[in-house]
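Raw model.cif, mmCIF, C-alpha atoms:
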```
data_input
loop_
_atom_site.group_PDB
_atom_site.id
_atom_site.type_symbol
_atom_site.label_atom_id
_atom_site.label_comp_id
_atom_site.auth_asym_id
_atom_site.auth_seq_id
_atom_site.Cartn_x
_atom_site.Cartn_y
_atom_site.Cartn_z
ATOM 1 C CA MET A 213 -21.153 6.661 -8.083
ATOM 2 C CA VAL A 214 -18.104 4.842 -9.428
ATOM 3 C CA PRO A 215 -16.976 1.487 -8.003
ATOM 4 C CA ILE A 216 -14.813 1.622 -4.881
ATOM 5 C CA ILE A 217 -11.307 0.133 -4.840
ATOM 6 C CA ASP A 218 -9.587 -0.384 -1.507
ATOM 7 C CA SER A 219 -5.980 0.051 -2.597
ATOM 8 C CA HIS A 220 -4.261 -1.071 0.611
ATOM 9 C CA CYS A 221 -5.185 -4.392 2.242
ATOM 10 C CA HIS A 222 -3.132 -7.129 3.889
ATOM 11 C CA ILE A 223 -4.187 -10.777 3.976
ATOM 12 C CA TYR A 224 -2.590 -13.839 5.538
ATOM 13 C CA PRO A 225 -2.997 -17.622 5.401
ATOM 14 C CA GLU A 226 -5.451 -19.008 7.950
ATOM 15 C CA LYS A 227 -2.777 -20.753 10.034
ATOM 16 C CA ILE A 228 -0.707 -17.606 10.638
ATOM 17 C CA ALA A 229 -3.293 -14.810 10.391
ATOM 18 C CA ALA A 230 -3.802 -14.376 14.133
ATOM 19 C CA ARG A 231 -0.070 -14.254 14.842
ATOM 20 C CA ALA A 232 0.642 -11.869 11.950
ATOM 21 C CA VAL A 233 -2.123 -9.471 12.933
ATOM 22 C CA ALA A 234 -1.079 -9.491 16.586
ATOM 23 C CA GLY A 235 2.477 -8.680 15.559
ATOM 24 C CA ILE A 236 1.375 -5.652 13.542
ATOM 25 C CA GLY A 237 -0.772 -4.405 16.415
ATOM 26 C CA ASP A 238 2.162 -4.742 18.792
ATOM 27 C CA PHE A 239 4.513 -2.934 16.393
ATOM 28 C CA TYR A 240 2.236 0.110 16.175
ATOM 29 C CA ASP A 241 0.606 -0.220 19.602
ATOM 30 C CA ILE A 242 -2.781 0.046 17.899
ATOM 31 C CA PRO A 243 -5.597 -2.482 18.531
ATOM 32 C CA MET A 244 -6.381 -4.349 15.329
ATOM 33 C CA VAL A 245 -10.016 -4.224 14.253
ATOM 34 C CA LEU A 246 -10.167 -7.331 12.022
ATOM 35 C CA ASP A 247 -8.350 -10.651 11.704
ATOM 36 C CA GLY A 248 -6.497 -10.577 8.376
ATOM 37 C CA ARG A 249 -8.292 -13.576 6.859
ATOM 38 C CA VAL A 250 -9.361 -13.585 3.221
ATOM 39 C CA ASP A 251 -12.990 -14.417 4.054
ATOM 40 C CA THR A 252 -13.137 -11.569 6.558
ATOM 41 C CA LEU A 253 -11.909 -9.083 3.965
ATOM 42 C CA LEU A 254 -14.462 -10.258 1.410
ATOM 43 C CA SER A 255 -17.272 -10.030 3.982
ATOM 44 C CA SER A 256 -16.175 -6.556 5.025
ATOM 45 C CA MET A 257 -16.081 -5.412 1.407
ATOM 46 C CA ALA A 258 -19.565 -6.765 0.716
ATOM 47 C CA SER A 259 -21.029 -5.131 3.804
ATOM 48 C CA CYS A 260 -19.639 -1.691 2.923
ATOM 49 C CA GLY A 261 -20.054 -1.582 -0.838
ATOM 50 C CA ILE A 262 -16.367 -1.935 -1.682
ATOM 51 C CA ASP A 263 -16.047 -3.577 -5.080
ATOM 52 C CA HIS A 264 -12.364 -4.453 -5.312
ATOM 53 C CA ALA A 265 -9.259 -4.686 -3.126
ATOM 54 C CA VAL A 266 -5.527 -4.534 -3.740
ATOM 55 C CA VAL A 267 -4.036 -7.205 -1.473
ATOM 56 C CA SER A 268 -0.498 -7.800 -0.322
ATOM 57 C CA SER A 269 1.799 -9.022 2.418
ATOM 58 C CA CYS A 270 5.444 -8.298 3.201
ATOM 59 C CA ALA A 271 8.419 -10.644 3.462
ATOM 60 C CA THR A 272 10.613 -10.041 6.491
ATOM 61 C CA SER A 273 13.140 -12.626 5.301
ATOM 62 C CA PRO A 274 14.173 -13.867 1.832
ATOM 63 C CA ALA A 275 12.808 -17.313 2.629
ATOM 64 C CA GLN A 276 9.258 -15.945 2.833
ATOM 65 C CA VAL A 277 9.150 -14.326 -0.607
ATOM 66 C CA ALA A 278 8.043 -17.239 -2.796
ATOM 67 C CA SER A 279 5.418 -18.552 -0.372
ATOM 68 C CA ILE A 280 3.895 -15.098 0.133
ATOM 69 C CA ASN A 281 3.738 -14.430 -3.594
ATOM 70 C CA ASN A 282 2.165 -17.817 -4.239
ATOM 71 C CA PHE A 283 -0.397 -17.191 -1.493
ATOM 72 C CA ILE A 284 -1.351 -13.757 -2.825
ATOM 73 C CA ALA A 285 -1.655 -15.065 -6.391
ATOM 74 C CA ASP A 286 -3.833 -17.949 -5.219
ATOM 75 C CA ALA A 287 -6.091 -15.564 -3.278
ATOM 76 C CA VAL A 288 -6.473 -13.430 -6.408
ATOM 77 C CA ASP A 289 -7.341 -16.475 -8.518
ATOM 78 C CA LYS A 290 -10.019 -17.553 -6.045
ATOM 79 C CA SER A 291 -11.510 -14.085 -5.504
ATOM 80 C CA GLU A 292 -13.699 -14.094 -8.633
ATOM 81 C CA GLY A 293 -12.331 -10.761 -9.753
ATOM 82 C CA LYS A 294 -12.497 -9.063 -6.355
ATOM 83 C CA PHE A 295 -8.718 -8.840 -5.770
ATOM 84 C CA THR A 296 -5.659 -7.422 -7.465
ATOM 85 C CA GLY A 297 -2.467 -8.803 -5.943
ATOM 86 C CA LEU A 298 0.922 -7.294 -5.199
ATOM 87 C CA GLY A 299 3.983 -9.425 -4.684
ATOM 88 C CA THR A 300 6.825 -8.846 -2.255
ATOM 89 C CA LEU A 301 10.619 -8.838 -2.506
ATOM 90 C CA HIS A 302 13.434 -8.839 0.033
ATOM 91 C CA PRO A 303 16.731 -6.952 -0.458
ATOM 92 C CA GLU A 304 18.851 -9.862 0.744
ATOM 93 C CA SER A 305 17.452 -12.463 -1.636
ATOM 94 C CA GLU A 306 20.115 -14.447 -3.450
ATOM 95 C CA ASP A 307 18.037 -14.317 -6.643
ATOM 96 C CA LEU A 308 16.166 -11.024 -6.854
ATOM 97 C CA GLU A 309 15.689 -11.299 -10.595
ATOM 98 C CA GLY A 310 14.263 -14.786 -10.214
ATOM 99 C CA ASP A 311 11.902 -13.635 -7.447
ATOM 100 C CA PHE A 312 10.782 -10.715 -9.600
ATOM 101 C CA GLU A 313 10.158 -12.824 -12.683
ATOM 102 C CA HIS A 314 8.241 -15.323 -10.540
ATOM 103 C CA LEU A 315 5.844 -12.669 -9.219
ATOM 104 C CA MET A 316 5.409 -11.270 -12.712
ATOM 105 C CA ALA A 317 4.617 -14.764 -14.035
ATOM 106 C CA LEU A 318 2.018 -15.112 -11.279
ATOM 107 C CA GLY A 319 0.234 -12.043 -12.667
ATOM 108 C CA LEU A 320 0.892 -9.832 -9.648
ATOM 109 C CA LYS A 321 0.570 -6.114 -10.396
ATOM 110 C CA GLY A 322 3.158 -4.515 -8.120
ATOM 111 C CA VAL A 323 5.579 -4.989 -5.245
ATOM 112 C CA LYS A 324 4.937 -4.331 -1.545
ATOM 113 C CA MET A 325 7.774 -3.539 0.857
ATOM 114 C CA HIS A 326 7.873 -2.283 4.444
ATOM 115 C CA HIS A 327 11.340 -0.997 5.207
ATOM 116 C CA ASP A 328 10.629 -0.504 8.918
ATOM 117 C CA PHE A 329 9.726 -4.195 9.208
ATOM 118 C CA GLN A 330 12.560 -5.281 6.921
ATOM 119 C CA LYS A 331 15.045 -2.939 8.658
ATOM 120 C CA PHE A 332 16.580 -1.440 5.548
ATOM 121 C CA ALA A 333 16.571 2.251 4.714
ATOM 122 C CA ILE A 334 14.652 2.928 1.517
ATOM 123 C CA ASP A 335 17.837 4.252 -0.104
ATOM 124 C CA ASP A 336 20.053 1.403 1.133
ATOM 125 C CA PRO A 337 22.234 0.202 -1.791
ATOM 126 C CA LYS A 338 20.845 -3.314 -1.258
ATOM 127 C CA CYS A 339 17.403 -2.050 -2.292
ATOM 128 C CA MET A 340 18.477 -0.396 -5.536
ATOM 129 C CA PRO A 341 18.265 -3.567 -7.683
ATOM 130 C CA ILE A 342 14.609 -3.885 -6.678
ATOM 131 C CA TYR A 343 13.859 -0.384 -7.924
ATOM 132 C CA GLU A 344 15.717 -1.081 -11.161
ATOM 133 C CA LEU A 345 13.552 -4.164 -11.723
ATOM 134 C CA CYS A 346 10.281 -2.332 -11.020
ATOM 135 C CA ALA A 347 10.999 0.960 -12.805
ATOM 136 C CA GLY A 348 8.836 1.395 -15.871
ATOM 137 C CA ARG A 349 7.129 -1.958 -15.289
ATOM 138 C CA ILE A 350 5.101 -2.131 -12.073
ATOM 139 C CA PRO A 351 4.436 0.174 -9.097
ATOM 140 C CA LEU A 352 6.054 -0.180 -5.704
ATOM 141 C CA LEU A 353 3.835 0.187 -2.613
ATOM 142 C CA LEU A 354 5.884 1.261 0.408
ATOM 143 C CA HIS A 355 5.126 2.021 3.992
ATOM 144 C CA THR A 356 6.416 5.569 4.315
ATOM 145 C CA GLY A 357 7.155 7.500 7.482
ATOM 146 C CA ASP A 358 7.571 6.756 11.168
ATOM 147 C CA ASN A 359 8.746 9.235 13.775
ATOM 148 C CA ARG A 360 10.177 6.355 15.825
ATOM 149 C CA TYR A 361 12.564 5.125 13.119
ATOM 150 C CA ASP A 362 14.494 6.390 10.128
ATOM 151 C CA PHE A 363 14.181 3.616 7.563
ATOM 152 C CA SER A 364 11.232 4.944 5.529
ATOM 153 C CA ASN A 365 11.281 8.689 6.160
ATOM 154 C CA PRO A 366 11.447 11.397 3.452
ATOM 155 C CA ASP A 367 15.225 11.807 3.698
ATOM 156 C CA HIS A 368 15.552 8.233 2.427
ATOM 157 C CA MET A 369 12.623 8.340 -0.006
ATOM 158 C CA GLU A 370 13.640 11.454 -1.918
ATOM 159 C CA PRO A 371 16.942 10.107 -3.315
ATOM 160 C CA VAL A 372 15.128 7.100 -4.759
ATOM 161 C CA LEU A 373 12.512 9.266 -6.470
ATOM 162 C CA LYS A 374 15.305 11.346 -8.008
ATOM 163 C CA ALA A 375 17.342 8.339 -9.109
ATOM 164 C CA PHE A 376 14.410 6.417 -10.600
ATOM 165 C CA PRO A 377 12.025 8.893 -12.288
ATOM 166 C CA ASN A 378 10.322 6.010 -14.134
ATOM 167 C CA LEU A 379 9.548 4.188 -10.883
ATOM 168 C CA THR A 380 6.010 4.726 -9.618
ATOM 169 C CA VAL A 381 6.099 4.725 -5.816
ATOM 170 C CA VAL A 382 2.913 4.576 -3.761
ATOM 171 C CA GLY A 383 3.650 6.165 -0.392
ATOM 172 C CA ALA A 384 1.211 4.607 2.043
ATOM 173 C CA HIS A 385 -0.525 6.592 4.789
ATOM 174 C CA LEU A 386 -0.602 9.921 2.904
ATOM 175 C CA GLY A 387 3.090 9.673 2.179
ATOM 176 C CA GLY A 388 4.501 9.855 5.691
ATOM 177 C CA TRP A 389 2.820 8.219 8.669
ATOM 178 C CA SER A 390 3.196 10.440 11.754
ATOM 179 C CA ILE A 391 5.409 12.922 9.831
ATOM 180 C CA TRP A 392 2.973 14.230 7.226
ATOM 181 C CA ASP A 393 4.410 17.748 7.106
ATOM 182 C CA GLN A 394 7.894 16.450 6.284
ATOM 183 C CA ALA A 395 6.545 14.170 3.577
ATOM 184 C CA VAL A 396 4.632 16.980 1.892
ATOM 185 C CA LYS A 397 7.623 19.304 2.070
ATOM 186 C CA TYR A 398 10.092 16.906 0.463
ATOM 187 C CA LEU A 399 8.050 14.451 -1.598
ATOM 188 C CA SER A 400 4.928 16.112 -2.982
ATOM 189 C CA LYS A 401 6.859 17.684 -5.869
ATOM 190 C CA TYR A 402 7.725 14.309 -7.404
ATOM 191 C CA GLU A 403 5.213 13.230 -10.019
ATOM 192 C CA ASN A 404 6.275 9.587 -9.666
ATOM 193 C CA PHE A 405 5.219 9.629 -5.993
ATOM 194 C CA VAL A 406 1.538 8.941 -5.310
ATOM 195 C CA VAL A 407 -0.133 8.251 -1.969
ATOM 196 C CA ASP A 408 -2.967 6.347 -0.357
ATOM 197 C CA CYS A 409 -4.951 7.538 2.652
ATOM 198 C CA SER A 410 -4.771 4.309 4.664
ATOM 199 C CA SER A 411 -3.966 4.578 8.388
ATOM 200 C CA ALA A 412 -3.846 8.360 8.216
ATOM 201 C CA LEU A 413 -7.332 9.815 8.573
ATOM 202 C CA TYR A 414 -7.684 8.451 12.117
ATOM 203 C CA ALA A 415 -4.708 10.503 13.247
ATOM 204 C CA ILE A 416 -5.172 13.922 11.638
ATOM 205 C CA SER A 417 -8.070 16.319 11.352
ATOM 206 C CA PRO A 418 -10.168 16.440 8.182
ATOM 207 C CA GLU A 419 -8.805 19.923 7.538
ATOM 208 C CA THR A 420 -5.200 18.739 7.744
ATOM 209 C CA ALA A 421 -5.971 15.707 5.591
ATOM 210 C CA VAL A 422 -7.401 17.933 2.864
ATOM 211 C CA GLU A 423 -4.319 20.170 3.005
ATOM 212 C CA VAL A 424 -2.075 17.143 2.550
ATOM 213 C CA MET A 425 -4.211 15.792 -0.284
ATOM 214 C CA ASN A 426 -4.190 19.165 -2.036
ATOM 215 C CA ALA A 427 -0.395 19.185 -1.892
ATOM 216 C CA TYR A 428 -0.264 15.955 -3.898
ATOM 217 C CA GLY A 429 -3.199 16.718 -6.161
ATOM 218 C CA GLU A 430 -6.348 14.727 -6.809
ATOM 219 C CA ASP A 431 -4.699 12.534 -9.482
ATOM 220 C CA ARG A 432 -2.185 11.141 -6.972
ATOM 221 C CA ILE A 433 -4.345 9.957 -4.061
ATOM 222 C CA MET A 434 -6.059 6.599 -3.510
ATOM 223 C CA PHE A 435 -8.466 5.245 -0.931
ATOM 224 C CA GLY A 436 -7.168 2.499 1.342
ATOM 225 C CA THR A 437 -8.188 0.972 4.661
ATOM 226 C CA ASP A 438 -5.002 -0.870 5.720
ATOM 227 C CA PHE A 439 -7.160 -3.943 6.443
ATOM 228 C CA PRO A 440 -7.062 -5.560 8.983
ATOM 229 C CA MET A 441 -5.978 -2.534 10.984
ATOM 230 C CA TRP A 442 -9.193 -0.597 10.354
ATOM 231 C CA GLY A 443 -12.762 -1.440 9.379
ATOM 232 C CA ALA A 444 -13.893 -0.224 5.979
ATOM 233 C CA ARG A 445 -17.099 1.337 7.262
ATOM 234 C CA GLY A 446 -15.215 3.647 9.585
ATOM 235 C CA GLU A 447 -12.706 4.624 6.924
ATOM 236 C CA LEU A 448 -15.466 5.467 4.459
ATOM 237 C CA LYS A 449 -17.056 7.720 7.083
ATOM 238 C CA ARG A 450 -13.740 9.480 7.596
ATOM 239 C CA VAL A 451 -13.566 10.177 3.863
ATOM 240 C CA GLU A 452 -17.093 11.601 3.953
ATOM 241 C CA LYS A 453 -15.948 14.171 6.524
ATOM 242 C CA LEU A 454 -13.370 15.539 4.093
ATOM 243 C CA GLY A 455 -16.041 17.187 1.936
ATOM 244 C CA LEU A 456 -14.331 16.268 -1.340
ATOM 245 C CA SER A 457 -15.911 17.152 -4.668
ATOM 246 C CA LYS A 458 -17.585 14.413 -6.682
ATOM 247 C CA ARG A 459 -14.689 14.458 -9.168
ATOM 248 C CA ALA A 460 -12.087 14.161 -6.401
ATOM 249 C CA GLN A 461 -13.999 11.306 -4.755
ATOM 250 C CA GLU A 462 -14.249 9.385 -8.017
ATOM 251 C CA LYS A 463 -10.503 9.629 -8.508
ATOM 252 C CA LEU A 464 -9.806 8.730 -4.888
ATOM 253 C CA PHE A 465 -12.115 5.720 -4.859
ATOM 254 C CA TYR A 466 -11.608 4.343 -8.346
ATOM 255 C CA TYR A 467 -9.811 5.969 -11.238
ATOM 256 C CA ASN A 468 -6.395 6.517 -9.658
ATOM 257 C CA ALA A 469 -6.042 2.982 -8.314
ATOM 258 C CA LYS A 470 -7.363 1.521 -11.558
ATOM 259 C CA ARG A 471 -4.665 3.382 -13.487
ATOM 260 C CA ILE A 472 -1.760 2.881 -11.100
ATOM 261 C CA PHE A 473 -2.319 -0.835 -10.480
ATOM 262 C CA ASN A 474 -3.486 -1.592 -14.025
ATOM 263 C CA ILE A 475 -6.826 -2.962 -12.840
ATOM 264 C CA GLU A 476 -9.283 -4.154 -15.459
ATOM 265 C CA GLU A 477 -12.720 -2.574 -15.685
ATOM 266 C CA ILE A 478 -14.860 -3.392 -12.658
#
```

Give the structure from this file in structure tokens form.
Amino acid sequence: MVPIIDSHCHIYPEKIAARAVAGIGDFYDIPMVLDGRVDTLLSSMASCGIDHAVVSSCATSPAQVASINNFIADAVDKSEGKFTGLGTLHPESEDLEGDFEHLMALGLKGVKMHHDFQKFAIDDPKCMPIYELCAGRIPLLLHTGDNRYDFSNPDHMEPVLKAFPNLTVVGAHLGGWSIWDQAVKYLSKYENFVVDCSSALYAISPETAVEVMNAYGEDRIMFGTDFPMWGARGELKRVEKLGLSKRAQEKLFYYNAKRIFNIEEI
């Protein structure tokens, strides 16, 4: 079996982890399984045979960007090769280019945004400079889909995919949390749109999950747990129920994330 990469994890500094995790649980009205601490993620990985994790956090104000990116880079440096880090950006930063060059200098391998948290539509003109900076250079991991809001839904995602064909977008949660059918209908045709399976398999049947995955194709799907929302052991069991071929599993667990996030050999 190939190594396993968890392509969607969130970590927080010790002093704010409890508050950050509680806030996410309240936002989605879902009890959080774990606590968001770096040590907890590493322990969870070790107990479940996960070899590597892509870690990130999201800035809800411009003032948070530099401190979050420094924290993620520091966690990567201390992880002994267990982490790949993504930076974050905020559309209202007074120096987007400077923020971007800072995260690149830190060695971060992508950008994480959550438009529902940040309260900007994905195709808001304020976000376009971020896509211009990332296109052709590093991938952009986005929360996508929410039937309660209209910031990150397919009607806002599709124009960006058309406008920036060289931008690799990772649509979290199988491309459209809670609106999977809409996401498949409008987004699966774009080759620059890939997905992870985090925070999705708990909500849909294995049969539906396989249908969604087939719509994107086995080269465009990655495994993710959405730590600390879900425990890795449970998410791995959910993947087992999908009955994927060995080839599809290897791509899901390892090869796709390795390629998309430019991860060195594990």

Point-to-point distance from CA of Leu454 in chain A to CA of Tyr414 in chain A, Å rounded to tenths: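 Separation between CA of Leu454 in chain A and CA of Tyr414 in chain A: 12.1 Å.
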
Chain and number of each residue from the PyMOL selection byres ((chain A and resi 245-256) around 8), as a PyMOL selection string: chain A and resi 222-226+229-230+233+243-244+257-260+287+439-444

So that I can check the surroundings of Ser411 in chain A, please list as JSON, numbers by chain every protein, DNA and RNA residue that reaches within 7 Å of it, counting all atoms listed in the file and ignoring chain neighbours fewer than 3 positions away. {"A": [385, 414, 437, 438]}

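By all atoms listed in the file, and with residues fewer than 4 positions from Gln461 in chain A along its chain excluded, the set lying at most 10 Å from it is Met213, Val214, Ile216, Glu430, Ile433, Met434, Phe435, Val451, Glu452, Leu454, Gly455, Leu456, Ser457, Phe465, Tyr466 and Tyr467 of chain A.
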
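For Gly388 in chain A, the residues within 6 Å (counting only C-alpha atoms, excluding itself and residues fewer than 6 positions away along the chain) are A:Thr356, A:Gly357, A:Ala395.
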
Polymer residues at most 12 Å from Pro371 in chain A, all atoms listed in the file, same-chain spacing of 4 or more positions, as a PDB file with C-alpha atoms, in the coordinates of the input:
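Saved to part-v8.pdb:
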```pdb
ATOM      1  CA  ALA A 333      16.571   2.251   4.714  1.00  0.00           C
ATOM      2  CA  ILE A 334      14.652   2.928   1.517  1.00  0.00           C
ATOM      3  CA  ASP A 335      17.837   4.252  -0.104  1.00  0.00           C
ATOM      4  CA  ASP A 336      20.053   1.403   1.133  1.00  0.00           C
ATOM      5  CA  PRO A 337      22.234   0.202  -1.791  1.00  0.00           C
ATOM      6  CA  MET A 340      18.477  -0.396  -5.536  1.00  0.00           C
ATOM      7  CA  TYR A 343      13.859  -0.384  -7.924  1.00  0.00           C
ATOM      8  CA  SER A 364      11.232   4.944   5.529  1.00  0.00           C
ATOM      9  CA  ASN A 365      11.281   8.689   6.160  1.00  0.00           C
ATOM     10  CA  PRO A 366      11.447  11.397   3.452  1.00  0.00           C
ATOM     11  CA  ASP A 367      15.225  11.807   3.698  1.00  0.00           C
ATOM     12  CA  ALA A 375      17.342   8.339  -9.109  1.00  0.00           C
ATOM     13  CA  PHE A 376      14.410   6.417 -10.600  1.00  0.00           C
ATOM     14  CA  PRO A 377      12.025   8.893 -12.288  1.00  0.00           C
ATOM     15  CA  TYR A 398      10.092  16.906   0.463  1.00  0.00           C
ATOM     16  CA  LEU A 399       8.050  14.451  -1.598  1.00  0.00           C
ATOM     17  CA  TYR A 402       7.725  14.309  -7.404  1.00  0.00           C
TER      18      TYR A 402
END
```

Within 12 Å of (6.2, -15.6, -0.6) in the file's own coordinates, which protein, DNA or RNA residues have an atom, counting only C-alpha atoms? List them as an mmCIF file with C-alpha atoms, in the coordinates of the input.
```
data_model
loop_
_atom_site.group_PDB
_atom_site.id
_atom_site.type_symbol
_atom_site.label_atom_id
_atom_site.label_comp_id
_atom_site.auth_asym_id
_atom_site.auth_seq_id
_atom_site.Cartn_x
_atom_site.Cartn_y
_atom_site.Cartn_z
ATOM 1 C CA TYR A 224 -2.590 -13.839 5.538
ATOM 2 C CA PRO A 225 -2.997 -17.622 5.401
ATOM 3 C CA SER A 268 -0.498 -7.800 -0.322
ATOM 4 C CA SER A 269 1.799 -9.022 2.418
ATOM 5 C CA CYS A 270 5.444 -8.298 3.201
ATOM 6 C CA ALA A 271 8.419 -10.644 3.462
ATOM 7 C CA THR A 272 10.613 -10.041 6.491
ATOM 8 C CA SER A 273 13.140 -12.626 5.301
ATOM 9 C CA PRO A 274 14.173 -13.867 1.832
ATOM 10 C CA ALA A 275 12.808 -17.313 2.629
ATOM 11 C CA GLN A 276 9.258 -15.945 2.833
ATOM 12 C CA VAL A 277 9.150 -14.326 -0.607
ATOM 13 C CA ALA A 278 8.043 -17.239 -2.796
ATOM 14 C CA SER A 279 5.418 -18.552 -0.372
ATOM 15 C CA ILE A 280 3.895 -15.098 0.133
ATOM 16 C CA ASN A 281 3.738 -14.430 -3.594
ATOM 17 C CA ASN A 282 2.165 -17.817 -4.239
ATOM 18 C CA PHE A 283 -0.397 -17.191 -1.493
ATOM 19 C CA ILE A 284 -1.351 -13.757 -2.825
ATOM 20 C CA ALA A 285 -1.655 -15.065 -6.391
ATOM 21 C CA ASP A 286 -3.833 -17.949 -5.219
ATOM 22 C CA LEU A 298 0.922 -7.294 -5.199
ATOM 23 C CA GLY A 299 3.983 -9.425 -4.684
ATOM 24 C CA THR A 300 6.825 -8.846 -2.255
ATOM 25 C CA LEU A 301 10.619 -8.838 -2.506
ATOM 26 C CA HIS A 302 13.434 -8.839 0.033
ATOM 27 C CA SER A 305 17.452 -12.463 -1.636
ATOM 28 C CA ASP A 311 11.902 -13.635 -7.447
ATOM 29 C CA PHE A 312 10.782 -10.715 -9.600
ATOM 30 C CA HIS A 314 8.241 -15.323 -10.540
ATOM 31 C CA LEU A 315 5.844 -12.669 -9.219
ATOM 32 C CA LEU A 318 2.018 -15.112 -11.279
ATOM 33 C CA LEU A 320 0.892 -9.832 -9.648
ATOM 34 C CA VAL A 323 5.579 -4.989 -5.245
ATOM 35 C CA LYS A 324 4.937 -4.331 -1.545
#
```

Around (4.8, 8.4, 13.6) in the file's own coordinates, what residues are found within 8 Å if you use all atoms listed in the file, given back as a list in words? Gly357, Asp358, Asn359, Arg360, Trp389, Ser390 and Ile391 of chain A

Print the selection's residues with C-alpha atoms to a file, as a PDB file, in the coordinates of the input.
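Wrote it out as out_38.pdb, contents follow:
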```
ATOM      1  CA  GLY A 357       7.155   7.500   7.482  1.00  0.00           C
ATOM      2  CA  ASP A 358       7.571   6.756  11.168  1.00  0.00           C
ATOM      3  CA  ASN A 359       8.746   9.235  13.775  1.00  0.00           C
ATOM      4  CA  ARG A 360      10.177   6.355  15.825  1.00  0.00           C
ATOM      5  CA  TRP A 389       2.820   8.219   8.669  1.00  0.00           C
ATOM      6  CA  SER A 390       3.196  10.440  11.754  1.00  0.00           C
ATOM      7  CA  ILE A 391       5.409  12.922   9.831  1.00  0.00           C
TER       8      ILE A 391
END
```

For a quick check of understanding, using all atoms listed in the file, which of A:Lys374, A:Ser291, A:Pro341, A:His326 has the smallest distance to Pro303 in chain A? A:Pro341

I'd like the interatomic distance between CA of Ser417 in chain A and CA of Phe239 in chain A, to a tenth of an Å. 23.5 Å

With the file shown as input, list the residues that the PyMOL selection byres ((chain A and resi 266) around 8) selects, as a list of chain:residue names.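 Selected by the PyMOL selection byres ((chain A and resi 266) around 8) here: A:Ile217, A:Asp218, A:Ser219, A:His220, A:Cys221, A:His264, A:Ala265, A:Val267, A:Ser268, A:Phe295, A:Thr296, A:Gly297, A:Leu298.
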
Can you work out the spacing between CA of Arg432 in chain A and CA of Asn468 in chain A in Å, to one decimal?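 Computing it gives 6.8 Å between the two atoms.
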
Which residue gives the smallest distance to Glu370 in chain A among A:Arg349, A:His355, A:Lys401, A:Arg459, with all atoms listed in the file counted? A:Lys401

Written as a PyMOL selection string, which residues does the PyMOL selection byres ((chain A and resi 353) around 7) give for the file shown? chain A and resi 323-325+351-352+354-355+381-384

Counting all atoms listed in the file, the residue of A:Lys463, A:Ala347, A:Lys397, A:Leu386 that sits nearest Val422 in chain A: A:Leu386

Could I get range 299-310 of chain A rebuilt with N, CA and C atoms, written as a PDB file, in the coordinates of the input?
```pdb
ATOM      1  N   GLY A 299       2.994  -8.523  -5.223  1.00  0.00           N
ATOM      2  CA  GLY A 299       3.983  -9.425  -4.684  1.00  0.00           C
ATOM      3  C   GLY A 299       4.875  -8.715  -3.674  1.00  0.00           C
ATOM      4  N   THR A 300       5.850  -9.433  -3.172  1.00  0.00           N
ATOM      5  CA  THR A 300       6.825  -8.846  -2.255  1.00  0.00           C
ATOM      6  C   THR A 300       8.220  -9.294  -2.662  1.00  0.00           C
ATOM      7  N   LEU A 301       9.218  -8.510  -2.277  1.00  0.00           N
ATOM      8  CA  LEU A 301      10.619  -8.838  -2.506  1.00  0.00           C
ATOM      9  C   LEU A 301      11.407  -8.516  -1.245  1.00  0.00           C
ATOM     10  N   HIS A 302      12.575  -9.120  -1.118  1.00  0.00           N
ATOM     11  CA  HIS A 302      13.434  -8.839   0.033  1.00  0.00           C
ATOM     12  C   HIS A 302      14.833  -8.484  -0.465  1.00  0.00           C
ATOM     13  N   PRO A 303      15.433  -7.416   0.059  1.00  0.00           N
ATOM     14  CA  PRO A 303      16.731  -6.952  -0.458  1.00  0.00           C
ATOM     15  C   PRO A 303      17.855  -7.968  -0.355  1.00  0.00           C
ATOM     16  N   GLU A 304      17.758  -8.913   0.553  1.00  0.00           N
ATOM     17  CA  GLU A 304      18.851  -9.862   0.744  1.00  0.00           C
ATOM     18  C   GLU A 304      18.630 -11.196   0.031  1.00  0.00           C
ATOM     19  N   SER A 305      17.662 -11.246  -0.851  1.00  0.00           N
ATOM     20  CA  SER A 305      17.452 -12.463  -1.636  1.00  0.00           C
ATOM     21  C   SER A 305      18.680 -12.769  -2.477  1.00  0.00           C
ATOM     22  N   GLU A 306      18.994 -14.038  -2.614  1.00  0.00           N
ATOM     23  CA  GLU A 306      20.115 -14.447  -3.450  1.00  0.00           C
ATOM     24  C   GLU A 306      19.752 -14.448  -4.933  1.00  0.00           C
ATOM     25  N   ASP A 307      18.476 -14.306  -5.244  1.00  0.00           N
ATOM     26  CA  ASP A 307      18.037 -14.317  -6.643  1.00  0.00           C
ATOM     27  C   ASP A 307      16.890 -13.322  -6.817  1.00  0.00           C
ATOM     28  N   LEU A 308      17.200 -12.046  -6.725  1.00  0.00           N
ATOM     29  CA  LEU A 308      16.166 -11.024  -6.854  1.00  0.00           C
ATOM     30  C   LEU A 308      15.491 -11.084  -8.222  1.00  0.00           C
ATOM     31  N   GLU A 309      16.273 -11.247  -9.256  1.00  0.00           N
ATOM     32  CA  GLU A 309      15.689 -11.299 -10.595  1.00  0.00           C
ATOM     33  C   GLU A 309      14.740 -12.482 -10.728  1.00  0.00           C
ATOM     34  N   GLY A 310      15.135 -13.625 -10.169  1.00  0.00           N
ATOM     35  CA  GLY A 310      14.263 -14.786 -10.214  1.00  0.00           C
ATOM     36  C   GLY A 310      12.990 -14.569  -9.426  1.00  0.00           C
TER      37      GLY A 310
END
```
